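So this block is work-v4.cif, mmCIF, C-alpha atoms and all ligand atoms:
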data_entry
loop_
_atom_site.label_atom_id
_atom_site.label_comp_id
_atom_site.auth_asym_id
_atom_site.auth_seq_id
_atom_site.Cartn_x
_atom_site.Cartn_y
_atom_site.Cartn_z
CA MET A 1 106.35 73.30 60.10
CA SER A 2 105.53 77.01 59.81
CA SER A 3 101.91 77.97 59.30
CA ALA A 4 102.65 79.14 55.76
CA ALA A 5 104.17 75.79 54.96
CA THR A 6 101.18 73.98 56.48
CA LYS A 7 98.76 76.07 54.47
CA LEU A 8 100.77 75.42 51.37
CA ALA A 9 100.80 71.68 52.02
CA ASN A 10 97.03 71.67 52.54
CA ALA A 11 96.44 73.73 49.42
CA ALA A 12 98.65 71.39 47.42
CA ASP A 13 96.75 68.34 48.68
CA ALA A 14 93.40 69.90 47.81
CA THR A 15 94.57 71.01 44.37
CA SER A 16 96.05 67.65 43.63
CA ALA A 17 92.87 65.87 44.71
CA GLU A 18 90.82 68.16 42.46
CA ALA A 19 93.09 67.51 39.53
CA GLN A 20 92.84 63.77 40.16
CA THR A 21 89.05 63.94 40.20
CA LEU A 22 89.15 65.88 36.97
CA VAL A 23 91.39 63.24 35.45
CA LEU A 24 88.91 60.52 36.35
CA ASP A 25 86.00 62.56 34.96
CA MET A 26 87.90 63.03 31.72
CA ARG A 27 88.44 59.30 31.60
CA LYS A 28 84.70 58.75 31.86
CA ALA A 29 84.05 61.37 29.16
CA LEU A 30 86.46 59.52 26.88
CA THR A 31 84.53 56.30 27.38
CA SER A 32 81.24 58.02 26.49
CA MET A 33 82.79 59.60 23.41
CA LYS A 34 84.03 56.21 22.31
CA SER A 35 80.55 54.66 22.60
CA LEU A 36 79.03 57.57 20.75
CA ALA A 37 81.58 57.25 17.94
CA VAL A 38 80.75 53.56 17.62
CA GLU A 39 77.09 54.45 17.22
CA TYR A 40 77.86 57.07 14.57
CA GLU A 41 80.05 54.58 12.74
CA ARG A 42 77.23 52.03 12.76
CA ALA A 43 74.82 54.67 11.51
CA GLY A 44 77.19 55.51 8.64
CA LYS A 45 78.13 59.02 9.75
CA PRO A 46 81.91 59.19 9.27
CA ASP A 47 82.03 62.98 9.56
CA LYS A 48 80.58 62.77 13.07
CA VAL A 49 83.09 60.08 13.94
CA LYS A 50 85.92 62.29 12.70
CA GLN A 51 84.69 65.21 14.80
CA LEU A 52 84.64 63.03 17.87
CA GLU A 53 88.09 61.72 17.13
CA ASP A 54 89.46 65.26 16.95
CA ALA A 55 87.80 66.06 20.27
CA VAL A 56 89.24 62.90 21.80
CA GLN A 57 92.74 63.92 20.68
CA GLU A 58 92.32 67.26 22.42
CA LEU A 59 90.82 65.81 25.56
CA VAL A 60 93.52 63.19 25.86
CA ALA A 61 96.20 65.87 25.65
CA SER A 62 94.57 67.84 28.49
CA TYR A 63 94.05 64.63 30.36
CA GLU A 64 97.72 63.85 30.43
CA ASP A 65 98.68 67.42 31.32
CA CYS A 66 96.20 67.34 34.14
CA ALA A 67 97.60 64.06 35.44
CA TYR A 68 101.11 65.51 35.41
CA LEU A 69 99.86 68.59 37.19
CA ALA A 70 98.12 66.52 39.87
CA GLU A 71 101.44 64.83 40.60
CA ALA A 72 103.58 67.95 40.37
CA VAL A 73 101.43 70.06 42.68
CA LYS A 74 102.00 67.59 45.51
CA LYS A 75 105.74 68.15 45.26
CA VAL A 76 105.54 71.94 45.47
CA PRO A 77 105.48 72.24 49.30
CA GLY A 78 108.69 70.21 49.41
CA ALA A 79 110.37 72.38 46.79
CA TYR A 80 109.19 75.65 48.37
CA GLN A 81 111.89 77.71 50.10
CA PRO A 82 110.61 80.51 52.34
CA SER A 83 112.38 83.80 51.56
CA ASP A 84 111.92 87.58 51.66
CA GLN A 85 111.14 87.61 47.96
CA ALA A 86 107.72 86.68 46.62
CA THR A 87 107.76 83.12 45.36
CA ASP A 88 107.05 82.50 41.71
CA PHE A 89 104.76 79.50 42.16
CA ARG A 90 104.07 79.23 38.45
CA LYS A 91 107.77 78.61 37.90
CA LEU A 92 107.95 76.21 40.83
CA ILE A 93 105.01 74.19 39.51
CA ASP A 94 106.35 74.16 35.95
CA ALA A 95 109.67 72.84 37.20
CA GLU A 96 107.91 70.05 39.09
CA VAL A 97 105.74 69.20 36.07
CA ASP A 98 108.92 68.79 34.01
CA LYS A 99 110.38 66.48 36.64
CA VAL A 100 107.22 64.34 36.73
CA LYS A 101 107.20 64.14 32.93
CA GLY A 102 110.82 63.07 33.00
CA THR A 103 110.26 60.21 35.43
CA SER A 104 106.79 59.10 34.35
CA ARG A 105 106.54 55.58 33.06
CA SER A 106 103.05 56.10 31.76
CA SER A 107 103.88 58.28 28.78
CA GLY A 108 102.38 55.66 26.45
CA HIS A 109 99.03 56.13 28.14
CA LYS A 110 97.88 58.90 25.84
CA ASP A 111 98.54 56.89 22.68
CA GLN A 112 96.77 53.94 24.16
CA LEU A 113 93.59 55.91 24.86
CA ILE A 114 93.50 57.23 21.30
CA ARG A 115 94.18 53.72 20.04
CA GLN A 116 91.29 52.32 22.03
CA PHE A 117 89.00 54.89 20.49
CA LYS A 118 90.13 54.15 16.93
CA GLU A 119 89.97 50.44 17.54
CA ALA A 120 86.39 50.58 18.80
CA VAL A 121 85.36 52.47 15.65
CA TRP A 122 87.35 50.12 13.40
CA ASP A 123 85.74 47.05 14.94
CA VAL A 124 82.27 48.20 13.89
CA HIS A 125 82.88 47.14 10.30
CA HIS A 126 86.10 45.13 10.60
CA ALA A 127 85.72 42.97 13.70
CA GLY A 128 88.49 40.40 13.95
CA GLN A 129 90.66 42.11 11.33
CA PRO A 130 93.85 43.82 12.39
CA MET A 131 93.67 47.58 12.26
CA PRO A 132 96.07 49.25 9.78
CA GLY A 133 99.31 50.21 11.53
CA ASP A 134 98.79 47.56 14.14
CA GLU A 135 102.39 46.43 14.52
CA GLN A 136 102.85 48.58 17.60
CA GLU A 137 99.79 47.33 19.40
CA GLU A 138 101.51 44.60 21.33
CA LEU A 139 104.15 46.98 22.59
CA VAL A 140 101.61 49.52 23.76
CA MET A 141 99.38 46.99 25.46
CA THR A 142 102.27 45.27 27.20
CA SER A 143 103.65 48.46 28.64
CA THR A 144 100.36 49.41 30.25
CA GLN A 145 99.43 45.98 31.48
CA ASN A 146 102.80 45.57 33.09
CA SER A 147 102.36 48.73 35.06
CA ILE A 148 99.97 46.88 37.37
CA LEU A 149 102.19 44.17 38.77
CA ASN A 150 99.99 42.59 41.42
CA MET A 151 96.24 42.15 41.24
CA HIS A 152 95.68 41.92 45.00
CA CYS A 153 97.06 43.76 48.01
CA PRO A 154 99.54 41.26 49.49
CA LEU A 155 98.47 42.22 53.02
CA THR A 156 94.69 42.39 52.85
CA LEU A 157 94.27 40.19 49.73
CA LYS A 158 91.72 42.68 48.45
CA PRO A 159 91.65 43.06 44.67
CA ILE A 160 93.58 46.17 43.61
CA ILE A 161 90.54 47.47 41.72
CA GLU A 162 88.55 47.56 44.97
CA LEU A 163 91.06 49.48 47.09
CA GLU A 164 89.93 52.86 48.34
CA ASN A 165 93.48 54.06 48.98
CA PRO A 166 95.80 52.25 46.63
CA VAL A 167 99.50 53.12 46.89
CA ARG A 168 102.51 51.97 44.94
CA CYS A 169 106.12 51.44 45.89
CA MET A 170 108.17 53.52 43.47
CA ASP A 171 111.04 51.02 43.70
CA CYS A 172 109.48 47.63 43.02
CA ARG A 173 106.16 48.99 41.61
CA HIS A 174 104.05 46.68 43.76
CA ILE A 175 100.66 48.01 44.84
CA TYR A 176 99.13 47.85 48.32
CA ASP A 177 96.26 49.04 50.46
CA LYS A 178 97.57 52.22 52.10
CA ASP A 179 96.85 51.84 55.82
CA PRO A 180 97.99 48.22 56.15
CA ILE A 181 101.24 48.82 54.27
CA MET A 182 102.02 51.92 56.33
CA SER A 183 101.50 49.93 59.55
CA HIS A 184 103.67 47.18 58.13
CA ILE A 185 106.48 49.69 57.53
CA ARG A 186 106.14 51.32 60.95
CA ARG A 187 106.52 47.98 62.71
CA SER A 188 109.81 46.97 61.19
CA LYS A 189 113.30 48.48 60.87
CA ALA A 190 113.86 47.10 57.40
CA PRO A 191 110.36 46.31 56.15
CA ASN A 192 110.39 44.08 53.10
CA CYS A 193 107.86 44.33 50.35
CA PRO A 194 105.22 41.77 51.39
CA VAL A 195 104.87 40.41 47.87
CA ALA A 196 106.45 36.96 47.99
CA GLY A 197 109.93 36.92 46.50
CA CYS A 198 110.19 40.70 46.13
CA PRO A 199 113.55 41.93 47.46
CA ALA A 200 112.52 45.58 47.89
CA VAL A 201 112.94 47.26 51.27
CA LEU A 202 110.15 49.75 51.76
CA GLN A 203 110.39 53.41 52.75
CA VAL A 204 107.35 55.56 53.51
CA ALA A 205 108.57 58.36 51.26
CA ARG A 206 108.77 56.01 48.28
CA ILE A 207 105.20 54.74 48.64
CA PHE A 208 102.31 56.83 47.44
CA CYS A 209 99.42 56.99 45.05
CA ASP A 210 100.63 58.64 41.90
CA THR A 211 97.90 59.83 39.56
CA PHE A 212 98.91 57.25 37.01
CA LEU A 213 98.14 54.50 39.46
CA ARG A 214 94.55 55.72 39.74
CA MET A 215 94.32 55.97 35.97
CA GLU A 216 95.73 52.50 35.51
CA ILE A 217 93.37 51.02 38.06
CA GLU A 218 90.44 52.81 36.44
CA GLU A 219 91.61 51.40 33.12
CA LEU A 220 91.79 47.91 34.56
CA ARG A 221 88.38 48.25 36.15
CA SER A 222 86.77 49.25 32.87
CA SER A 223 88.52 46.46 30.96
CA ARG A 224 87.34 43.71 33.29
CA PRO A 225 83.86 44.31 34.68
CA SER A 226 83.77 41.23 36.89
CA ALA A 227 86.01 40.81 39.92
CA PRO A 228 89.17 38.82 39.20
CA ASN A 229 89.29 35.24 40.39
CA ALA A 230 90.48 34.84 43.98
CA THR A 231 92.83 31.99 43.05
CA GLU A 232 95.25 34.54 41.59
CA VAL A 233 96.21 35.66 45.09
CA GLU A 234 99.94 35.72 45.67
CA ASP A 235 101.47 33.37 48.18
CA ILE A 236 102.13 35.21 51.44
CA SER A 237 102.24 32.20 53.73
CA ASP A 238 105.61 33.13 55.26
CA GLN A 239 104.38 36.48 56.57
CA GLY A 240 100.65 36.20 56.53
CA GLU A 241 100.02 35.18 60.12
CA ASP A 242 101.84 38.05 61.82
CA GLU A 243 100.23 40.47 59.45
CA ALA A 244 96.69 39.38 60.09
CA GLU A 245 97.14 39.60 63.84
CA ASP A 246 98.73 43.03 63.78
CA LEU A 247 96.21 44.41 61.39
CA MET A 248 93.41 43.68 63.83
CA ASP A 249 94.62 46.13 66.48
CA ASP A 250 95.59 48.75 64.00
CA ASP A 251 92.77 51.20 63.58
CA GLU A 252 94.22 54.39 65.07
CA ASP A 253 94.16 57.15 62.49
CA GLU A 254 91.30 58.54 60.39
ZN ZN B 301 107.64 44.64 45.91
#

Please, can you express the file's structure as structure tokens?
Amino acid sequence: MSSAATKLANAADATSAEAQTLVLDMRKALTSMKSLAVEYERAGKPDKVKQLEDAVQELVASYEDCAYLAEAVKKVPGAYQPSDQATDFRKLIDAEVDKVKGTSRSSGHKDQLIRQFKEAVWDVHHAGQPMPGDEQEELVMTSTQNSILNMHCPLTLKPIIELENPVRCMDCRHIYDKDPIMSHIRRSKAPNCPVAGCPAVLQVARIFCDTFLRMEIEELRSSRPSAPNATEVEDISDQGEDEAEDLMDDDEDE
């Protein structure tokens, strides 16, 4: 790799990491705004609630753009072609953002966040009653919940919400702890997804942490404060032994 390409790759990583951090901060801000709105609603200040709702709408829009950007920036070094002409990076990034938007499965995320806000406010005076326009709720909830397919890394058995480096296979959508899954792939010519019964064959290039994964995990974490029950662990008995052994002597990088 040329030094320009290396610099570009490093810059893209740093920018993407910053955007991801920003996304998570925005998520926290949204939670605070929701609590505040609930307090205003209780105190009978609907105008304040409305102001907050407008702000939430705006923040959620930036939030999603930022998440797309975090993803797209990572792809720029791959799309970059060295040439004599100056590169129009703006154009390059915009093109990647469009691609990410086109393939994203999390486009319902934005609506869901706004929904959660409205629902929290609604519940102050109407707990247990369906919110007007509720028919779509089931659809929205299902789509997001399904995006996290396994609650534990099939290799380390750690809960997904506790992983420091969660990654997802873009083919079967299963989620793993990064280092163990990468070692698993390196050791085998046709590495299968370690989730029992999953037919996917894994490729390094198809496994990464997209920004939506972090958002979804954050979402999950905030919706269930206590650690999930260990009995939910998937059955990995047919591969578990080899894995555990190999994982022991696998602490090279980092
Ligand atoms: Zn799988």

Distance of atom CA of A:Lys28 from atom CA of A:Ala72, expressed in Å to one decimal place: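 Atom CA of A:Lys28 lies at a distance of 22.7 Å from atom CA of A:Ala72.
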
Among listed residues A:Asn192, A:Ser32, A:Ser62, A:Thr211, nearest A:Pro166 (using only C-alpha atoms):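 Looking only at the distances to A:Pro166, the closest residue turns out to be A:Thr211.
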
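Across A:Tyr80, A:Lys50, A:Ile160, A:Val38, the tightest approach to A:Ala4 is made by A:Tyr80 when counting all atoms listed in the file.
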
Pairwise distance for atom CA of A:Tyr63 and atom CA of A:Ala11, rounded to one decimal in Å: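 Separation of atom CA of A:Tyr63 and atom CA of A:Ala11: 21.3 Å.
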
Atom pair atom CA of A:Val23 / atom CA of A:Cys66: separation (Å):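 That distance, rounded to one decimal, is 6.5 Å.
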
Within 6 Å of ligand ZN 301 (chain B), counting all atoms listed in the file, residues as number ranges by chain: A: 172, 174, 193, 195, 198, 200

Distance criterion (all atoms listed in the file): nearest to A:Asp123 out of A:Thr6, A:Ser35, A:Thr15, A:Thr21: A:Ser35

Protein, DNA and RNA residues within 10 Å of (107.5, 76.4, 41.4), only C-alpha atoms, as a PyMOL selection string: chain A and resi 72-73+75-77+79-81+87-97

Once you have the residues from the selection above, write them out as a CSV table (one decimal), in the frame of the given file, restricted to C-alpha atoms.
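Resulting contents of result.csv:
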chain,number,residue,atom,x,y,z
A,72,ALA,CA,103.6,68.0,40.4
A,73,VAL,CA,101.4,70.1,42.7
A,75,LYS,CA,105.7,68.2,45.3
A,76,VAL,CA,105.5,71.9,45.5
A,77,PRO,CA,105.5,72.2,49.3
A,79,ALA,CA,110.4,72.4,46.8
A,80,TYR,CA,109.2,75.6,48.4
A,81,GLN,CA,111.9,77.7,50.1
A,87,THR,CA,107.8,83.1,45.4
A,88,ASP,CA,107.0,82.5,41.7
A,89,PHE,CA,104.8,79.5,42.2
A,90,ARG,CA,104.1,79.2,38.4
A,91,LYS,CA,107.8,78.6,37.9
A,92,LEU,CA,108.0,76.2,40.8
A,93,ILE,CA,105.0,74.2,39.5
A,94,ASP,CA,106.4,74.2,36.0
A,95,ALA,CA,109.7,72.8,37.2
A,96,GLU,CA,107.9,70.0,39.1
A,97,VAL,CA,105.7,69.2,36.1

Within 10 Å of A:Ile161 using all atoms listed in the file, minus same-chain residues under 5 positions, as a PyMOL selection string: chain A and resi 151-153+166+214+216-222+224+227-228

Nearest to A:Ser188, chosen from A:Gln203, A:Ser2, A:Gln57, A:Ser223, with only C-alpha atoms counted in the distances: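 Of A:Gln203, A:Ser2, A:Gln57, A:Ser223, the one nearest A:Ser188, counting only C-alpha atoms, is A:Gln203.
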
Nearest candidate to A:Ala70 (options A:Gln51, A:Gln20, A:Ser3, A:Gln116; using all atoms listed in the file):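 Checking each of A:Gln51, A:Gln20, A:Ser3, A:Gln116 against A:Ala70, counting all atoms listed in the file, the winner is A:Gln20.
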
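Proximity ranking of A:Pro159, A:Ser183, A:Tyr68, A:Ala120 relative to A:Phe212 places A:Tyr68 first, based on all atoms listed in the file.
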
Please build the interface table for stretch 99-200 of chain A against stretch 206-210 of chain A with a cut-off of 12 Å, listing for each qualifying residue the nearest atom pair and the distance in Å to one decimal; count only C-alpha atoms, order rows by chain and increasing number, and write it as a Markdown table.
| residue | atom | partner | partner_atom | distance |
| --- | --- | --- | --- | --- |
| A:Val100 | CA | A:Asp210 | CA | 10.1 |
| A:Thr103 | CA | A:Asp210 | CA | 11.7 |
| A:Ser104 | CA | A:Asp210 | CA | 9.8 |
| A:Arg105 | CA | A:Asp210 | CA | 11.1 |
| A:Ser106 | CA | A:Asp210 | CA | 10.7 |
| A:Leu163 | CA | A:Cys209 | CA | 11.4 |
| A:Glu164 | CA | A:Cys209 | CA | 10.9 |
| A:Asn165 | CA | A:Cys209 | CA | 7.7 |
| A:Pro166 | CA | A:Cys209 | CA | 6.2 |
| A:Val167 | CA | A:Cys209 | CA | 4.3 |
| A:Arg168 | CA | A:Ile207 | CA | 5.3 |
| A:Cys169 | CA | A:Ile207 | CA | 4.4 |
| A:Met170 | CA | A:Arg206 | CA | 5.4 |
| A:Asp171 | CA | A:Arg206 | CA | 7.1 |
| A:Cys172 | CA | A:Arg206 | CA | 9.9 |
| A:Arg173 | CA | A:Ile207 | CA | 9.1 |
| A:His174 | CA | A:Ile207 | CA | 9.5 |
| A:Ile175 | CA | A:Ile207 | CA | 9.0 |
| A:Tyr176 | CA | A:Ile207 | CA | 9.2 |
| A:Asp177 | CA | A:Cys209 | CA | 10.1 |
| A:Lys178 | CA | A:Phe208 | CA | 8.1 |
| A:Asp179 | CA | A:Phe208 | CA | 11.2 |
| A:Ile181 | CA | A:Ile207 | CA | 9.1 |
| A:Met182 | CA | A:Ile207 | CA | 8.8 |
| A:Ile185 | CA | A:Ile207 | CA | 10.3 |
| A:Cys193 | CA | A:Ile207 | CA | 10.9 |
| A:Ala200 | CA | A:Arg206 | CA | 11.1 |

Kindly output stretch 68-102 of chain A as a compact mmCIF listing (two decimals), in the frame of the given file, after building N, CA and C atoms.
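Printed below is result_12.txt as written:
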# COMPACT_ATOMS: atom_id res chain seq x y z
N TYR A 68 99.78 65.04 35.01
CA TYR A 68 101.11 65.51 35.41
C TYR A 68 101.00 66.59 36.47
N LEU A 69 100.05 67.49 36.25
CA LEU A 69 99.86 68.59 37.19
C LEU A 69 99.47 68.07 38.57
N ALA A 70 98.57 67.09 38.60
CA ALA A 70 98.12 66.52 39.87
C ALA A 70 99.32 65.98 40.66
N GLU A 71 100.24 65.37 39.95
CA GLU A 71 101.44 64.83 40.60
C GLU A 71 102.37 65.96 41.06
N ALA A 72 102.59 66.91 40.13
CA ALA A 72 103.58 67.95 40.37
C ALA A 72 103.18 68.85 41.54
N VAL A 73 101.90 69.16 41.64
CA VAL A 73 101.43 70.06 42.68
C VAL A 73 101.77 69.53 44.08
N LYS A 74 101.71 68.20 44.21
CA LYS A 74 102.00 67.59 45.51
C LYS A 74 103.45 67.81 45.94
N LYS A 75 104.32 68.01 44.96
CA LYS A 75 105.74 68.15 45.26
C LYS A 75 106.11 69.59 45.60
N VAL A 76 105.21 70.53 45.30
CA VAL A 76 105.54 71.94 45.47
C VAL A 76 105.89 72.31 46.92
N PRO A 77 105.12 71.86 47.93
CA PRO A 77 105.48 72.24 49.30
C PRO A 77 106.91 71.80 49.65
N GLY A 78 107.34 70.68 49.14
CA GLY A 78 108.69 70.21 49.41
C GLY A 78 109.75 71.05 48.73
N ALA A 79 109.40 71.60 47.57
CA ALA A 79 110.37 72.38 46.79
C ALA A 79 110.39 73.85 47.23
N TYR A 80 109.35 74.25 47.97
CA TYR A 80 109.19 75.65 48.37
C TYR A 80 110.22 76.07 49.41
N GLN A 81 110.94 77.16 49.14
CA GLN A 81 111.89 77.71 50.10
C GLN A 81 111.38 79.06 50.59
N PRO A 82 111.07 79.20 51.87
CA PRO A 82 110.61 80.51 52.34
C PRO A 82 111.73 81.54 52.16
N SER A 83 111.38 82.74 51.69
CA SER A 83 112.38 83.80 51.56
C SER A 83 111.70 85.15 51.63
N ASP A 84 112.49 86.23 51.61
CA ASP A 84 111.92 87.58 51.66
C ASP A 84 111.21 87.92 50.35
N GLN A 85 111.70 87.33 49.29
CA GLN A 85 111.14 87.61 47.96
C GLN A 85 109.82 86.85 47.78
N ALA A 86 108.95 87.42 46.95
CA ALA A 86 107.72 86.68 46.62
C ALA A 86 108.10 85.46 45.79
N THR A 87 107.44 84.35 46.09
CA THR A 87 107.76 83.12 45.36
C THR A 87 107.01 83.07 44.04
N ASP A 88 107.71 82.69 43.00
CA ASP A 88 107.05 82.50 41.71
C ASP A 88 106.55 81.06 41.64
N PHE A 89 105.29 80.87 42.07
CA PHE A 89 104.76 79.50 42.16
C PHE A 89 104.58 78.87 40.78
N ARG A 90 104.23 79.73 39.82
CA ARG A 90 104.07 79.23 38.45
C ARG A 90 105.34 78.49 38.03
N LYS A 91 106.47 79.16 38.29
CA LYS A 91 107.77 78.61 37.90
C LYS A 91 108.05 77.32 38.67
N LEU A 92 107.73 77.37 39.96
CA LEU A 92 107.95 76.21 40.83
C LEU A 92 107.15 75.02 40.32
N ILE A 93 105.87 75.28 39.98
CA ILE A 93 105.01 74.19 39.51
C ILE A 93 105.50 73.66 38.16
N ASP A 94 105.86 74.59 37.27
CA ASP A 94 106.35 74.16 35.95
C ASP A 94 107.58 73.26 36.09
N ALA A 95 108.46 73.64 37.00
CA ALA A 95 109.67 72.84 37.20
C ALA A 95 109.31 71.44 37.68
N GLU A 96 108.32 71.35 38.58
CA GLU A 96 107.91 70.05 39.09
C GLU A 96 107.21 69.22 38.00
N VAL A 97 106.41 69.91 37.17
CA VAL A 97 105.74 69.20 36.07
C VAL A 97 106.80 68.56 35.15
N ASP A 98 107.86 69.33 34.86
CA ASP A 98 108.92 68.79 34.01
C ASP A 98 109.56 67.56 34.64
N LYS A 99 109.77 67.62 35.95
CA LYS A 99 110.38 66.48 36.64
C LYS A 99 109.48 65.26 36.55
N VAL A 100 108.16 65.47 36.79
CA VAL A 100 107.22 64.34 36.73
C VAL A 100 107.21 63.75 35.33
N LYS A 101 107.19 64.62 34.32
CA LYS A 101 107.20 64.14 32.93
C LYS A 101 108.44 63.31 32.67
N GLY A 102 109.55 63.76 33.22
CA GLY A 102 110.82 63.07 33.00
C GLY A 102 110.85 61.68 33.61
